file model-v6.cif (mmCIF, C-alpha atoms)
data_model
#
loop_
_atom_site.label_atom_id
_atom_site.label_comp_id
_atom_site.auth_asym_id
_atom_site.auth_seq_id
_atom_site.Cartn_x
_atom_site.Cartn_y
_atom_site.Cartn_z
CA LEU A 1 1.76 -28.17 13.44
CA LYS A 2 4.38 -25.64 12.48
CA THR A 3 3.38 -22.24 11.18
CA THR A 4 5.32 -19.16 10.16
CA GLN A 5 4.37 -15.53 10.49
CA LYS A 6 3.08 -14.17 7.20
CA LYS A 7 5.62 -11.86 5.56
CA VAL A 8 4.52 -8.24 5.35
CA ILE A 9 4.97 -7.07 1.77
CA PHE A 10 5.34 -3.31 1.32
CA LEU A 11 7.05 -0.91 -1.07
CA THR A 12 10.10 1.04 0.00
CA LYS A 13 10.65 4.69 -0.85
CA ASP A 14 12.89 3.67 -3.77
CA GLU A 15 10.28 1.25 -5.12
CA LEU A 16 7.57 3.91 -4.89
CA GLU A 17 9.87 6.16 -6.93
CA MET A 18 10.37 3.38 -9.51
CA LEU A 19 6.62 2.94 -9.81
CA LYS A 20 6.01 6.69 -10.04
CA ASN A 21 8.68 7.18 -12.71
CA TYR A 22 7.71 4.21 -14.89
CA ASP A 23 6.61 5.49 -18.29
CA ILE A 24 3.40 3.57 -19.03
CA PRO A 25 3.13 2.77 -22.76
CA ALA A 26 0.08 4.02 -24.66
CA GLU A 27 -1.29 0.51 -25.26
CA LEU A 28 -1.39 -0.05 -21.47
CA SER A 29 -2.92 3.32 -20.59
CA HIS A 30 -5.43 1.65 -18.21
CA LEU A 31 -2.50 1.04 -15.85
CA GLU A 32 -2.27 4.77 -15.16
CA MET A 33 -5.56 4.72 -13.25
CA VAL A 34 -4.48 1.54 -11.46
CA ARG A 35 -1.26 3.28 -10.38
CA ASP A 36 -3.16 6.37 -9.20
CA VAL A 37 -5.58 4.32 -7.09
CA PHE A 38 -2.75 2.23 -5.64
CA PHE A 39 -0.79 5.38 -4.76
CA PHE A 40 -3.90 6.73 -3.07
CA CYS A 41 -3.89 3.60 -0.88
CA CYS A 42 -0.14 3.95 -0.24
CA PHE A 43 -0.52 7.55 0.93
CA SER A 44 -3.86 7.37 2.76
CA GLY A 45 -3.72 3.93 4.39
CA LEU A 46 -7.19 3.06 3.09
CA ARG A 47 -8.10 -0.47 2.07
CA HIS A 48 -9.13 -1.07 -1.54
CA SER A 49 -12.75 -1.56 -0.41
CA ASP A 50 -12.79 1.88 1.19
CA VAL A 51 -11.25 3.64 -1.82
CA PHE A 52 -13.79 1.75 -3.98
CA ASN A 53 -16.58 3.23 -1.86
CA LEU A 54 -15.10 6.72 -1.53
CA ARG A 55 -17.65 9.30 -2.68
CA ARG A 56 -17.08 12.93 -3.54
CA ASN A 57 -19.08 14.04 -0.51
CA ASP A 58 -16.59 12.15 1.72
CA ILE A 59 -13.90 14.61 0.63
CA LYS A 60 -13.60 17.75 2.72
CA GLU A 61 -11.27 20.70 2.26
CA ASP A 62 -8.28 19.18 4.07
CA HIS A 63 -9.32 15.60 4.91
CA ILE A 64 -11.52 12.67 3.97
CA GLU A 65 -14.13 11.06 6.21
CA VAL A 66 -14.69 7.34 5.80
CA THR A 67 -16.72 4.63 7.53
CA THR A 68 -14.65 1.55 6.76
CA VAL A 69 -16.29 -1.41 5.05
CA LYS A 70 -14.44 -4.10 7.01
CA THR A 71 -14.83 -2.81 10.57
CA ALA A 72 -17.41 0.03 10.31
CA ASP A 73 -14.94 2.38 12.02
CA SER A 74 -15.31 6.09 11.31
CA VAL A 75 -11.91 7.53 10.44
CA GLN A 76 -10.74 10.97 9.42
CA ILE A 77 -7.62 11.06 7.28
CA GLU A 78 -5.88 14.31 6.51
CA LEU A 79 -4.93 14.93 2.90
CA ASN A 80 -1.29 15.20 1.87
CA ALA A 81 0.32 16.37 -1.38
CA VAL A 82 -0.04 12.97 -3.09
CA THR A 83 -3.65 12.19 -2.15
CA ARG A 84 -4.70 15.76 -2.85
CA SER A 85 -3.12 15.73 -6.33
CA ILE A 86 -4.79 12.41 -7.23
CA LEU A 87 -8.21 13.69 -6.15
CA GLU A 88 -7.59 16.90 -8.08
CA LYS A 89 -6.64 14.91 -11.20
CA TYR A 90 -10.03 13.18 -11.28
CA LYS A 91 -12.29 15.93 -9.93
CA ASP A 92 -13.86 16.63 -13.32
CA PHE A 93 -14.40 12.96 -14.24
CA THR A 94 -17.80 11.33 -13.78
CA PHE A 95 -17.87 7.90 -12.16
CA ASP A 96 -20.82 5.67 -11.27
CA GLY A 97 -22.37 6.33 -7.87
CA ASN A 98 -20.58 9.68 -7.52
CA LYS A 99 -17.34 7.86 -6.76
CA ALA A 100 -14.25 10.00 -6.31
CA LEU A 101 -11.75 7.75 -8.10
CA PRO A 102 -11.63 5.26 -11.02
CA VAL A 103 -11.46 2.13 -8.86
CA ILE A 104 -12.01 -1.28 -10.45
CA GLN A 105 -12.95 -4.49 -8.62
CA ASN A 106 -10.32 -6.08 -6.36
CA GLN A 107 -9.35 -9.11 -8.47
CA PRO A 108 -8.75 -7.29 -11.79
CA MET A 109 -7.00 -4.55 -9.83
CA ASN A 110 -4.65 -7.13 -8.30
CA ARG A 111 -3.84 -8.59 -11.72
CA ALA A 112 -3.19 -5.17 -13.24
CA LEU A 113 -1.10 -4.13 -10.24
CA LYS A 114 1.15 -7.17 -10.60
CA ASP A 115 1.63 -6.36 -14.30
CA LEU A 116 2.44 -2.74 -13.48
CA CYS A 117 4.97 -3.63 -10.77
CA ARG A 118 6.63 -6.25 -12.98
CA LEU A 119 7.00 -3.75 -15.81
CA ALA A 120 8.37 -1.13 -13.40
CA GLY A 121 11.10 -3.56 -12.32
CA ILE A 122 9.99 -4.26 -8.76
CA ASN A 123 11.60 -7.69 -8.77
CA GLU A 124 13.50 -8.15 -5.52
CA LYS A 125 13.79 -11.87 -4.71
CA ILE A 126 11.80 -12.78 -1.59
CA ARG A 127 11.82 -16.13 0.21
CA ILE A 128 8.36 -17.32 1.24
CA THR A 129 8.31 -20.11 3.83
CA THR A 130 5.19 -22.17 4.47
CA TYR A 131 4.49 -25.46 6.22
CA LYS A 132 2.35 -28.35 5.06
CA GLY A 133 1.98 -30.28 8.29
CA ASN A 134 5.60 -30.43 9.52
CA GLN A 135 7.04 -30.21 6.02
CA ARG A 136 8.74 -26.90 5.33
CA ILE A 137 8.26 -25.43 1.85
CA ASP A 138 10.55 -22.61 0.68
CA GLU A 139 9.73 -20.66 -2.45
CA ILE A 140 11.61 -17.76 -4.02
CA LYS A 141 9.33 -15.23 -5.66
CA GLU A 142 9.88 -11.84 -7.25
CA LYS A 143 8.28 -9.06 -5.28
CA TRP A 144 5.79 -8.05 -7.99
CA GLU A 145 4.21 -11.52 -7.71
CA LEU A 146 3.34 -10.83 -4.06
CA ILE A 147 1.89 -7.34 -4.49
CA GLY A 148 -1.84 -6.74 -4.23
CA THR A 149 -4.16 -3.91 -3.30
CA HIS A 150 -3.54 -4.44 0.44
CA THR A 151 0.16 -3.76 -0.16
CA GLY A 152 -0.83 -0.09 -0.36
CA ARG A 153 -2.11 -0.04 3.22
CA ARG A 154 0.97 -1.90 4.50
CA THR A 155 3.22 0.50 2.60
CA PHE A 156 1.47 3.44 4.25
CA ILE A 157 1.92 2.02 7.75
CA VAL A 158 5.60 1.02 7.36
CA ASN A 159 6.58 4.30 5.75
CA CYS A 160 4.70 6.39 8.33
CA LEU A 161 6.47 4.58 11.18
CA SER A 162 9.82 4.86 9.35
CA LEU A 163 9.31 8.62 9.15
CA GLY A 164 8.90 8.72 12.92
CA ILE A 165 5.13 9.25 13.05
CA ALA A 166 3.87 7.90 16.38
CA PRO A 167 2.05 4.52 16.22
CA ASN A 168 -1.02 5.94 17.99
CA VAL A 169 -1.35 8.61 15.27
CA VAL A 170 -1.02 6.01 12.50
CA MET A 171 -3.64 3.88 14.26
CA LYS A 172 -6.11 6.77 14.17
CA TRP A 173 -5.68 6.98 10.41
CA THR A 174 -5.86 3.23 9.77
CA GLY A 175 -8.56 2.40 12.32
CA HIS A 176 -6.42 -0.20 14.11
CA SER A 177 -7.91 -0.61 17.57
CA ASP A 178 -5.04 -2.21 19.48
CA TYR A 179 -1.29 -1.80 19.64
CA LYS A 180 -0.73 -5.53 19.11
CA SER A 181 -1.90 -5.29 15.49
CA MET A 182 0.82 -2.70 14.84
CA MET A 183 3.67 -4.84 16.20
CA PRO A 184 4.58 -6.61 12.92
CA TYR A 185 5.04 -3.19 11.33
CA ILE A 186 7.02 -1.82 14.27
CA ASP A 187 9.31 -4.89 14.10
CA ILE A 188 9.93 -4.19 10.39
CA VAL A 189 10.82 -0.57 11.11
CA ASP A 190 13.14 -1.60 13.94
CA SER A 191 14.97 -3.98 11.59
CA ILE A 192 15.23 -1.23 8.95
CA LYS A 193 16.72 1.13 11.54
CA ALA A 194 19.24 -1.52 12.62
CA SER A 195 20.42 -2.12 9.05
CA GLU A 196 20.62 1.63 8.37
CA MET A 197 22.90 2.10 11.40
CA THR A 198 25.55 -0.11 9.77
CA LYS A 199 26.02 2.61 7.13
CA LEU A 200 27.88 4.60 9.78
CA ASP A 201 30.52 1.86 9.83
CA LYS A 202 31.85 3.23 6.54
CA LEU A 203 31.98 6.82 7.72
CA LEU A 204 35.56 6.68 9.04
#

call {"tool": "encode", "arguments": {"input": "model-v6.cif", "output": "structure tokens"}}
result
Amino acid sequence: LKTTQKKVIFLTKDELEMLKNYDIPAELSHLEMVRDVFFFCCFSGLRHSDVFNLRRNDIKEDHIEVTTVKTADSVQIELNAVTRSILEKYKDFTFDGNKALPVIQNQPMNRALKDLCRLAGINEKIRITTYKGNQRIDEIKEKWELIGTHTGRRTFIVNCLSLGIAPNVVMKWTGHSDYKSMMPYIDIVDSIKASEMTKLDKLL
């Protein structure tokens, strides 16, 4: 039976800017918290389940300490300007269970996230290829349709590698235990670098 490698969906720097700059209308004010939580995933590498379980006592002066839900790994993730500002924004709010952020359950978060990304114009056409037996099925979808909470973690990994952060450092933040699991992301970054090089063709 034929199979195809699952496409890694992530947001580029430009798409993150589009999402950040989208002016959420008053009647959809709940999307502001959804955006904040998603950005926290995009800039910390945490899964939705781990942000959902993040407590105020997990937050230290310059980092957060998390035991991941999926793999029970203990990870320490340094804070950056984005994650620090989001935590600061909600520091005086009270959430059930002493949670640090206003995280809703995964399924409603996914639905709200798709709405947010659609409204923000994240609509690049993406071909999705699947096989049913030996029959190839090609579908064209807009990017917002494919975005979910896990897109935040993938966005973090791709953008870290694109910025030149060493894979072994990224793995310490994400809790990946073997280099093989990072290869799909490294392949993406290599293809980005190759396409960027062609911009030099227009220099002279």

call {"tool": "resolve_selection", "arguments": {"input": "model-v6.cif", "expression": "the PyMOL selection byres ((chain A and resi 40) around 10)", "output": "MDAnalysis selection string"}}
result
chainID A and resid 34:39 41:48 51 82:87 101 152:153 156

call {"tool": "residues_around", "arguments": {"input": "model-v6.cif", "residues": "Lys20 of chain A", "least_positions_apart": "3", "cutoff": "9 Å", "atoms": "all atoms listed in the file", "output": "MDAnalysis selection string"}}
result
chainID A and resid 15:17 23 35 39 120

call {"tool": "write_last_selection", "arguments": {"input": "model-v6.cif", "atoms": "C-alpha atoms", "output": "PDB file, in the coordinates of the input"}}
result
ATOM      1  CA  GLU A  15      10.280   1.250  -5.120  1.00  0.00           C
ATOM      2  CA  LEU A  16       7.570   3.910  -4.890  1.00  0.00           C
ATOM      3  CA  GLU A  17       9.870   6.160  -6.930  1.00  0.00           C
ATOM      4  CA  ASP A  23       6.610   5.490 -18.290  1.00  0.00           C
ATOM      5  CA  ARG A  35      -1.260   3.280 -10.380  1.00  0.00           C
ATOM      6  CA  PHE A  39      -0.790   5.380  -4.760  1.00  0.00           C
ATOM      7  CA  ALA A 120       8.370  -1.130 -13.400  1.00  0.00           C
TER       8      ALA A 120
END

call {"tool": "closest_atom_pairs", "arguments": {"input": "model-v6.cif", "of": "segment 122-201 of chain A", "to": "segment 106-109 of chain A", "cutoff": "12 Å", "atoms": "all atoms listed in the file", "output": "Markdown table"}}
result
| residue | atom | partner | partner_atom | distance |
| --- | --- | --- | --- | --- |
| A:Ile147 | CA | A:Met109 | CA | 10.7 |
| A:Gly148 | CA | A:Met109 | CA | 7.9 |
| A:Thr149 | CA | A:Met109 | CA | 7.1 |
| A:His150 | CA | A:Asn106 | CA | 9.7 |

call {"tool": "residues_around", "arguments": {"input": "model-v6.cif", "residues": "Ile192 of chain A", "least_positions_apart": "5", "cutoff": "12 Å", "atoms": "only C-alpha atoms", "output": "PyMOL selection string"}}
result
chain A and resi 12+158-159+161-163+185-187+197-199

call {"tool": "write_last_selection", "arguments": {"input": "model-v6.cif", "atoms": "C-alpha atoms", "output": "JSON list (two decimals), in the frame of the given file"}}
result
[["chain", "number", "residue", "atom", "x", "y", "z"],
["A", 12, "THR", "CA", 10.10, 1.04, 0.00],
["A", 158, "VAL", "CA", 5.60, 1.02, 7.36],
["A", 159, "ASN", "CA", 6.58, 4.30, 5.75],
["A", 161, "LEU", "CA", 6.47, 4.58, 11.18],
["A", 162, "SER", "CA", 9.82, 4.86, 9.35],
["A", 163, "LEU", "CA", 9.31, 8.62, 9.15],
["A", 185, "TYR", "CA", 5.04, -3.19, 11.33],
["A", 186, "ILE", "CA", 7.02, -1.82, 14.27],
["A", 187, "ASP", "CA", 9.31, -4.89, 14.10],
["A", 197, "MET", "CA", 22.90, 2.10, 11.40],
["A", 198, "THR", "CA", 25.55, -0.11, 9.77],
["A", 199, "LYS", "CA", 26.02, 2.61, 7.13]]

call {"tool": "resolve_selection", "arguments": {"input": "model-v6.cif", "expression": "the PyMOL selection byres ((chain A and resi 56-66) around 7)", "output": "list in words"}}
result
Leu54, Arg55, Thr67, Thr68, Ser74, Val75, Gln76, Ile77, Glu78, Leu79, Asn98, Lys99 and Ala100 of chain A

call {"tool": "atom_distance", "arguments": {"input": "model-v6.cif", "atom1": "atom CA of Ile122 of chain A", "atom2": "atom CA of Lys143 of chain A"}}
result
6.2 Å

call {"tool": "atom_distance", "arguments": {"input": "model-v6.cif", "atom1": "atom CA of Glu139 of chain A", "atom2": "atom CA of Lys13 of chain A"}}
result
25.4 Å

call {"tool": "atom_distance", "arguments": {"input": "model-v6.cif", "atom1": "atom CA of Asp115 of chain A", "atom2": "atom CA of Lys7 of chain A"}}
result
21.0 Å
